[in-house]
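Remarks on the structure that follows.
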Amino acid sequence: MTNINTLDPGASPLDYYGYELRRYRETAGLTQKQLGDIVNYTASLVGQIETARKIPTPEFSERVDAALGTGGLLSRLVDLVLRSQLPAWFQQVAELEVRAAEICTFQMGMVHGLLQTPAYVRAVLGALDDTDLDDRSAVRLARQRIFEKEQPPVFWLVLSEAALRQEIGGPEVMRGQLAHLTSFENNPRINIQVLPYTAGAHAGLTGSFTLFRFTGDPAIVYTEGYGSGHPTANPDTVKDCSLRYDHLRAAALSLRDSAELIRRVMEDRYGEQLA
């Protein structure tokens with residue numbers, strides 16, 4: 001257990017967050033219970049966050065910022081804290097997501113993490129290991145905050161039809177996930193195309209991949225293995241994957257037809273109709 005009296009703010013983003021939370025609380029003359037009562041959280045949770053034993057959420061950070069008059073410090077810190085809790089091999093990818101002007105991804109087996117619902121996230125992360133599931137789910141969902149930026153990236157997803165039919169978490173979870181995908185239908189910055197079974201052999205048969213494009217920096221291709229990620233800016237690889245992605249988008253259904261297929265699968269397979 002971390003001792004608050006020896007908490008080193010330089011040890012990690014989580015430790016720094018806890019140190020600053022305690023400093024601002026004590027400056028305001030509040031106990032952990034008093035602050036908890038103000039922001040509608042328990043004193044125990046406040047104490048665990050102050051001692052770097054619990055990961056703060058964006059909602060907690062916003063409430064404490066307002067209560068303590070921090071000028072939004074904790075809300076700015078929380079994104080860094082949450083990224084630091086990702087697996088070490090994935091942290092660079094999360095940073096690429098934050099910096100990218102455009103993200104183009106092809107996914108074969110499941111919905112991309114940036115568009116997953118909370119229930120779908122829990123089902124995916126809890127498939128083999130349900131320890132610390134609340135914290136791990138919060139960390140993954142926090143990546144989606146890139147869409148709340150003043151200038152969010154343009155996001156293109158080509159999604160295999162198989163991902164629509166792979167029942168992750170059960171029918172109710174899938175209904176919610178597919179409904180979530182259709183909610184982006186009129187959002188020009190989040191574009192979803194489905195690669196149907198009828199496309200046959202296609203340019204993505206070698207596996208899922210993501211292209212990150214930046215303003216003023218070379219593009220990066222990211223592929224993933226078991227417990228490891230492989231980002232590369234090799235020009236030949238980027239050129240090859242860019243061509244593959246163009247062919248995948250050409251073979252996929254249009255944005256409108258993709259939304260219709262998602263709705264149809266949701267209705268036929270998971271038993272719920274959209275109003």
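If you're wondering about the labels, chains in the structure tokens are A, B, ... by order shown, residues count from 1 in each chain, ligands from 1 in order shown.
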Would you mind listing what lies within 12 Å of Ser242 in chain A as a short mmCIF file (atom, residue, chain, number, x, y, z; two decimals) with C-alpha atoms, in the first residue's frame, with only C-alpha atoms counted and same-chain residues fewer than 6 positions away left out?
data_model
loop_
_atom_site.label_atom_id
_atom_site.label_comp_id
_atom_site.auth_asym_id
_atom_site.auth_seq_id
_atom_site.Cartn_x
_atom_site.Cartn_y
_atom_site.Cartn_z
CA ILE A 103 -7.38 7.36 -38.53
CA CYS A 104 -8.19 4.68 -41.10
CA THR A 105 -8.70 1.19 -39.70
CA PHE A 106 -9.76 -2.23 -40.97
CA ALA A 203 -7.17 -6.92 -49.61
CA GLY A 204 -7.43 -7.36 -45.84
CA PHE A 209 -4.46 -2.86 -39.44
CA THR A 210 -4.68 0.88 -38.82
CA LEU A 211 -3.25 3.86 -40.69
CA PHE A 212 -2.53 7.04 -38.74
CA ARG A 213 -2.13 10.20 -40.78
CA ALA A 219 1.94 8.36 -41.76
CA ILE A 220 2.27 5.33 -39.48
CA VAL A 221 0.87 1.82 -39.91
CA TYR A 222 -0.07 -0.17 -36.84
CA PRO A 235 7.45 4.19 -46.49
CA ASP A 236 7.01 0.90 -48.36
CA LEU A 248 -11.03 -2.36 -48.93
CA ARG A 249 -13.08 0.84 -49.00
#
Within 12 Å of Glu150 in chain A, counting only C-alpha atoms, which residues qualify if same-chain residues fewer than 4 places away don't, as a ChimeraX atom specification? /A:98,101,145-146
Go through A:Ser183, A:Ser75, A:Thr198, A:Gln107 one by one, measure the shortest atom-to-atom distance of each to Ala142 in chain A using only C-alpha atoms, and give the residue with the smallest value. A:Ser75
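Distances here use only C-alpha atoms; by that measure, the residue among A:Leu7, A:Val111, A:Arg165, A:Gly69 closest to Val265 in chain A is A:Arg165.
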Long-range neighbours of Ser160 in chain A as a count of residues only, 6 Å cut-off, only C-alpha atoms, 2 positions minimum in chain: 5
